[in-house]
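In what follows, a structure is listed as structure tokens, so that the remarks can point back to it.
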Number of protein chains: 2
Amino acid sequence: MEKKIKSTAPCDERCPVRASLSLLAGKWTLMILFQINENTVRYGELKRTVTGISEKMLIQELNMLVENKLVIKKVYHQVPPKVEYTLTELGLKTLPIVDQLAQFGLENLV
Amino acid sequence: MEKKIKSTAPCDERCPVRASLSLLAGKWTLMILFQINENTVRYGELKRTVTGISEKMLIQELNMLVENKLVIKKVYHQVPPKVEYTLTELGLKTLPIVDQLAQFGLENLV
């Protein structure tokens with residue numbers, strides 16, 4: 001009996017899906033990118049619209065997104081202080097992923 | 001001076017992006033769906049191709065995917081035992097998300 005050899009390539013360090021997930025996996029990351037979207041969004045606005053996230057987690061996620069060059073943080077040194085977030089060019093390129101997540105959720109889950 | 005009111009809808013329980021992420025977020029979930037893809041894949045094959053995942057985590061993820069009706073598990077009671085995984089109709093609908101992740105990774109990361 002001939003045995004069929006499966007030839008699926010492993011998803012290792014060079015796998016683009018793994019590379020993307022190393023930046024984007026997590027409960028909140030894509031939700032934050034979705035909420036910033038094509039807008040400039042203040043910190044307080046994010047805190048309000050990403051419902052359920054703790055202050056600590058939101059700050060941690062935003063710092064990570066800035067570090068990974070997906071988001072730009074702009075601080076206005078004024079009273080009261082103002083902090084705004086915008087997607088970088090790279091961050092904007094994650095929106096098609098978010099769109100697919102939205103479509104999947106809309107058609108199958110909510 | 002008029003103040004512009006932002007009207008971004010909050011991403012709460014009815015938000016399709018949140019609903020999708022509640023099933024699909026996590027370091028491994030979408031990677032496993034990607035590796036099963038349109039094929040029928042044996043457990044050992046998944047263990048080999050989802051590189052870096054621990055046995056415990058792979059089993060946990062697969063059970064979760066079966067529970068969430070994204071994956072079908074088929075057990076052949078033979079010696080040696082054979083266990084195969086296939087995407088359900090719902091699971092197949094996550095592949096466009098995976099495709100976008102792959103495209104983003106390919107164009108920007110690897």
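Residues in the structure tokens are numbered from 1 in each chain, the chains being A, B, ... in the order shown, and ligands are numbered from 1 in the order shown.
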Determine, using only C-alpha atoms, which residues of chain B have any atom at most 9 Å from an atom of chain A, and tabulate each with its shortest atom pair and distance in Å to one decimal place, rows ordered by chain and then rising number, as a Markdown table.
```
| residue | atom | partner | partner_atom | distance |
| --- | --- | --- | --- | --- |
| B:Lys6 | CA | A:Glu45 | CA | 8.3 |
| B:Thr8 | CA | A:Thr49 | CA | 7.3 |
| B:Ala9 | CA | A:Thr49 | CA | 6.7 |
| B:Pro10 | CA | A:Thr49 | CA | 3.8 |
| B:Cys11 | CA | A:Val50 | CA | 5.4 |
| B:Asp12 | CA | A:Thr51 | CA | 5.6 |
| B:Glu13 | CA | A:Thr51 | CA | 8.6 |
| B:Arg14 | CA | A:Val110 | CA | 6.3 |
| B:Cys15 | CA | A:Val110 | CA | 7.6 |
| B:Pro16 | CA | A:Gly105 | CA | 4.3 |
| B:Val17 | CA | A:Ala102 | CA | 4.6 |
| B:Arg18 | CA | A:Met31 | CA | 6.7 |
| B:Ala19 | CA | A:Gly105 | CA | 5.8 |
| B:Ser20 | CA | A:Gly105 | CA | 5.0 |
| B:Leu21 | CA | A:Lys27 | CA | 6.3 |
| B:Ser22 | CA | A:Lys27 | CA | 7.2 |
| B:Leu24 | CA | A:Lys27 | CA | 8.6 |
| B:Ala25 | CA | A:Gly26 | CA | 5.2 |
| B:Gly26 | CA | A:Gly26 | CA | 5.0 |
| B:Lys27 | CA | A:Ala25 | CA | 5.3 |
| B:Trp28 | CA | A:Leu21 | CA | 8.3 |
| B:Leu30 | CA | A:Val17 | CA | 8.2 |
| B:Met31 | CA | A:Val17 | CA | 6.7 |
| B:Phe34 | CA | A:Val17 | CA | 8.0 |
| B:Gln35 | CA | A:Cys11 | CA | 7.5 |
| B:Val41 | CA | A:Lys6 | CA | 8.7 |
| B:Glu45 | CA | A:Lys6 | CA | 8.3 |
| B:Leu46 | CA | A:Pro10 | CA | 8.7 |
| B:Arg48 | CA | A:Pro10 | CA | 6.9 |
| B:Thr49 | CA | A:Pro10 | CA | 3.8 |
| B:Val50 | CA | A:Cys11 | CA | 5.4 |
| B:Thr51 | CA | A:Asp12 | CA | 5.6 |
| B:Gly52 | CA | A:Asp12 | CA | 7.9 |
| B:Leu90 | CA | A:Asn108 | CA | 7.7 |
| B:Lys93 | CA | A:Phe104 | CA | 7.1 |
| B:Thr94 | CA | A:Phe104 | CA | 7.0 |
| B:Pro96 | CA | A:Gln100 | CA | 6.7 |
| B:Ile97 | CA | A:Gln100 | CA | 5.3 |
| B:Val98 | CA | A:Val17 | CA | 7.1 |
| B:Asp99 | CA | A:Val17 | CA | 8.2 |
| B:Gln100 | CA | A:Ile97 | CA | 5.3 |
| B:Leu101 | CA | A:Val17 | CA | 5.5 |
| B:Ala102 | CA | A:Val17 | CA | 4.6 |
| B:Gln103 | CA | A:Pro16 | CA | 7.3 |
| B:Phe104 | CA | A:Ser20 | CA | 6.7 |
| B:Gly105 | CA | A:Pro16 | CA | 4.3 |
| B:Leu106 | CA | A:Pro16 | CA | 5.2 |
| B:Glu107 | CA | A:Pro16 | CA | 8.7 |
| B:Asn108 | CA | A:Leu90 | CA | 7.7 |
| B:Leu109 | CA | A:Ala19 | CA | 6.4 |
| B:Val110 | CA | A:Pro16 | CA | 6.2 |
```
What would you get as an mmCIF file with C-alpha atoms, in the first residue's frame if chain B were moved onto chain A by least squares over all of its C-alpha atoms in order?
```cif
data_model
loop_
_atom_site.group_PDB
_atom_site.id
_atom_site.type_symbol
_atom_site.label_atom_id
_atom_site.label_comp_id
_atom_site.auth_asym_id
_atom_site.auth_seq_id
_atom_site.Cartn_x
_atom_site.Cartn_y
_atom_site.Cartn_z
ATOM 1 C CA MET B 1 -0.237 0.033 -0.129
ATOM 2 C CA GLU B 2 1.338 3.358 -1.016
ATOM 3 C CA LYS B 3 1.511 5.906 1.731
ATOM 4 C CA LYS B 4 0.696 9.500 0.870
ATOM 5 C CA ILE B 5 3.315 11.868 2.184
ATOM 6 C CA LYS B 6 1.959 15.123 3.591
ATOM 7 C CA SER B 7 4.143 18.051 2.723
ATOM 8 C CA THR B 8 2.717 20.916 4.747
ATOM 9 C CA ALA B 9 5.467 23.458 5.365
ATOM 10 C CA PRO B 10 6.052 24.024 9.061
ATOM 11 C CA CYS B 11 5.014 27.391 10.486
ATOM 12 C CA ASP B 12 8.431 28.348 11.862
ATOM 13 C CA GLU B 13 10.260 31.685 12.219
ATOM 14 C CA ARG B 14 10.017 32.381 8.499
ATOM 15 C CA CYS B 15 6.253 31.779 8.435
ATOM 16 C CA PRO B 16 4.422 35.056 7.716
ATOM 17 C CA VAL B 17 1.409 34.026 9.816
ATOM 18 C CA ARG B 18 3.664 33.456 12.821
ATOM 19 C CA ALA B 19 5.439 36.768 12.214
ATOM 20 C CA SER B 20 2.127 38.649 12.112
ATOM 21 C CA LEU B 21 0.814 36.914 15.219
ATOM 22 C CA SER B 22 3.978 37.779 17.111
ATOM 23 C CA LEU B 23 2.905 41.413 16.733
ATOM 24 C CA LEU B 24 -0.853 41.101 16.761
ATOM 25 C CA ALA B 25 -1.942 38.110 18.845
ATOM 26 C CA GLY B 26 -3.528 38.838 22.160
ATOM 27 C CA LYS B 27 -6.969 39.626 23.397
ATOM 28 C CA TRP B 28 -6.706 43.408 22.988
ATOM 29 C CA THR B 29 -4.157 44.310 20.309
ATOM 30 C CA LEU B 30 -6.342 44.122 17.208
ATOM 31 C CA MET B 31 -9.274 45.595 19.112
ATOM 32 C CA ILE B 32 -7.215 48.695 19.927
ATOM 33 C CA LEU B 33 -6.018 49.024 16.323
ATOM 34 C CA PHE B 34 -9.659 48.689 15.242
ATOM 35 C CA GLN B 35 -10.720 51.473 17.595
ATOM 36 C CA ILE B 36 -7.977 53.856 16.508
ATOM 37 C CA ASN B 37 -8.591 52.979 12.870
ATOM 38 C CA GLU B 38 -8.059 55.907 10.507
ATOM 39 C CA ASN B 39 -8.622 58.464 13.251
ATOM 40 C CA THR B 40 -6.587 60.346 15.807
ATOM 41 C CA VAL B 41 -7.860 59.163 19.148
ATOM 42 C CA ARG B 42 -7.273 60.488 22.646
ATOM 43 C CA TYR B 43 -6.305 58.166 25.469
ATOM 44 C CA GLY B 44 -9.562 58.739 27.336
ATOM 45 C CA GLU B 45 -11.551 57.890 24.226
ATOM 46 C CA LEU B 46 -9.717 54.561 23.920
ATOM 47 C CA LYS B 47 -10.321 53.802 27.564
ATOM 48 C CA ARG B 48 -14.023 54.359 26.980
ATOM 49 C CA THR B 49 -14.396 52.446 23.723
ATOM 50 C CA VAL B 50 -12.180 49.429 24.396
ATOM 51 C CA THR B 51 -14.624 48.334 27.057
ATOM 52 C CA GLY B 52 -13.419 46.041 29.810
ATOM 53 C CA ILE B 53 -9.690 46.729 29.445
ATOM 54 C CA SER B 54 -7.849 47.786 32.598
ATOM 55 C CA GLU B 55 -5.866 51.015 32.648
ATOM 56 C CA LYS B 56 -2.653 49.077 33.208
ATOM 57 C CA MET B 57 -3.302 46.734 30.268
ATOM 58 C CA LEU B 58 -4.315 49.565 27.929
ATOM 59 C CA ILE B 59 -1.124 51.511 28.689
ATOM 60 C CA GLN B 60 0.972 48.355 28.283
ATOM 61 C CA GLU B 61 -0.678 47.500 24.963
ATOM 62 C CA LEU B 62 -0.303 51.057 23.643
ATOM 63 C CA ASN B 63 3.377 51.147 24.590
ATOM 64 C CA MET B 64 3.873 47.817 22.835
ATOM 65 C CA LEU B 65 2.073 49.105 19.726
ATOM 66 C CA VAL B 66 4.270 52.226 19.698
ATOM 67 C CA GLU B 67 7.398 50.099 20.167
ATOM 68 C CA ASN B 68 6.358 47.837 17.286
ATOM 69 C CA LYS B 69 5.823 50.919 15.081
ATOM 70 C CA LEU B 70 2.122 50.264 14.579
ATOM 71 C CA VAL B 71 0.973 53.361 16.467
ATOM 72 C CA ILE B 72 2.288 56.919 16.933
ATOM 73 C CA LYS B 73 1.816 58.581 20.305
ATOM 74 C CA LYS B 74 1.665 62.354 20.429
ATOM 75 C CA VAL B 75 1.872 64.117 23.773
ATOM 76 C CA TYR B 76 0.717 67.724 24.090
ATOM 77 C CA HIS B 77 2.388 69.371 27.050
ATOM 78 C CA GLN B 78 -0.509 71.460 28.207
ATOM 79 C CA VAL B 79 -2.888 71.604 31.134
ATOM 80 C CA PRO B 80 -4.686 69.250 31.281
ATOM 81 C CA PRO B 81 -2.224 67.076 29.331
ATOM 82 C CA LYS B 82 -3.440 65.590 26.087
ATOM 83 C CA VAL B 83 -2.225 62.307 24.588
ATOM 84 C CA GLU B 84 -3.284 61.204 21.127
ATOM 85 C CA TYR B 85 -2.758 58.016 19.179
ATOM 86 C CA THR B 86 -2.740 57.487 15.408
ATOM 87 C CA LEU B 87 -1.910 54.415 13.319
ATOM 88 C CA THR B 88 1.365 54.491 11.419
ATOM 89 C CA GLU B 89 1.544 53.435 7.787
ATOM 90 C CA LEU B 90 2.317 49.920 9.041
ATOM 91 C CA GLY B 91 -0.562 50.079 11.517
ATOM 92 C CA LEU B 92 -2.974 51.087 8.761
ATOM 93 C CA LYS B 93 -1.957 47.924 6.898
ATOM 94 C CA THR B 94 -3.419 45.810 9.718
ATOM 95 C CA LEU B 95 -6.918 47.176 9.030
ATOM 96 C CA PRO B 96 -7.718 44.559 6.355
ATOM 97 C CA ILE B 97 -7.087 41.896 9.040
ATOM 98 C CA VAL B 98 -9.445 43.701 11.384
ATOM 99 C CA ASP B 99 -12.021 43.983 8.603
ATOM 100 C CA GLN B 100 -11.937 40.210 8.123
ATOM 101 C CA LEU B 101 -12.352 39.695 11.865
ATOM 102 C CA ALA B 102 -15.323 42.062 11.838
ATOM 103 C CA GLN B 103 -16.882 40.288 8.867
ATOM 104 C CA PHE B 104 -16.401 36.852 10.435
ATOM 105 C CA GLY B 105 -17.953 38.049 13.684
ATOM 106 C CA LEU B 106 -20.835 39.772 11.955
ATOM 107 C CA GLU B 107 -21.712 36.786 9.789
ATOM 108 C CA ASN B 108 -21.246 34.058 12.368
ATOM 109 C CA LEU B 109 -21.164 35.268 15.947
ATOM 110 C CA VAL B 110 -23.166 38.377 16.843
#
```
Residue list (alpha helix (DSSP H), DSSP) for segment 33-62 of chain B, as a count of residues only = 19
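Per DSSP on the backbone, strand (DSSP E or B) in chain B comprises Val41, Arg42, Val71, Ile72, Lys73, Lys74, Val75, Tyr76, Lys82, Val83, Glu84, Tyr85, Thr86 and Leu87 of chain B.
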Just write the chosen residues, N, CA, C and O atoms, as a compact mmCIF listing (two decimals), in the first residue's frame.
```txt
# COMPACT_ATOMS: atom_id res chain seq x y z
N VAL B 41 -5.71 16.69 8.87
CA VAL B 41 -4.34 16.65 9.38
C VAL B 41 -4.27 15.80 10.65
O VAL B 41 -5.11 15.95 11.55
N ARG B 42 -3.28 14.94 10.71
CA ARG B 42 -3.10 14.10 11.89
C ARG B 42 -2.45 14.90 13.02
O ARG B 42 -1.74 15.87 12.78
N VAL B 71 -13.29 23.20 14.63
CA VAL B 71 -12.52 22.03 14.18
C VAL B 71 -13.28 20.76 14.56
O VAL B 71 -13.92 20.69 15.61
N ILE B 72 -13.22 19.76 13.67
CA ILE B 72 -13.76 18.42 13.97
C ILE B 72 -12.60 17.47 14.27
O ILE B 72 -11.61 17.46 13.54
N LYS B 73 -12.75 16.72 15.33
CA LYS B 73 -11.74 15.72 15.69
C LYS B 73 -12.30 14.35 15.36
O LYS B 73 -13.43 14.03 15.72
N LYS B 74 -11.51 13.55 14.66
CA LYS B 74 -11.97 12.20 14.34
C LYS B 74 -10.95 11.22 14.90
O LYS B 74 -9.76 11.28 14.58
N VAL B 75 -11.43 10.31 15.75
CA VAL B 75 -10.54 9.34 16.37
C VAL B 75 -10.78 7.98 15.74
O VAL B 75 -11.91 7.50 15.68
N TYR B 76 -9.72 7.36 15.23
CA TYR B 76 -9.80 6.00 14.69
C TYR B 76 -9.31 5.05 15.77
O TYR B 76 -8.14 5.13 16.17
N LYS B 82 -5.19 6.62 15.70
CA LYS B 82 -5.02 7.71 14.74
C LYS B 82 -6.03 8.80 15.09
O LYS B 82 -7.21 8.50 15.29
N VAL B 83 -5.58 10.03 15.15
CA VAL B 83 -6.47 11.16 15.44
C VAL B 83 -6.30 12.20 14.33
O VAL B 83 -5.17 12.62 14.05
N GLU B 84 -7.40 12.59 13.73
CA GLU B 84 -7.33 13.55 12.62
C GLU B 84 -8.20 14.78 12.89
O GLU B 84 -9.26 14.67 13.51
N TYR B 85 -7.74 15.89 12.39
CA TYR B 85 -8.46 17.15 12.57
C TYR B 85 -8.79 17.77 11.21
O TYR B 85 -7.96 17.76 10.30
N THR B 86 -10.00 18.31 11.11
CA THR B 86 -10.45 18.99 9.89
C THR B 86 -11.19 20.25 10.33
O THR B 86 -11.83 20.26 11.38
N LEU B 87 -11.14 21.31 9.53
CA LEU B 87 -11.92 22.50 9.85
C LEU B 87 -13.40 22.25 9.56
O LEU B 87 -13.75 21.61 8.57
```
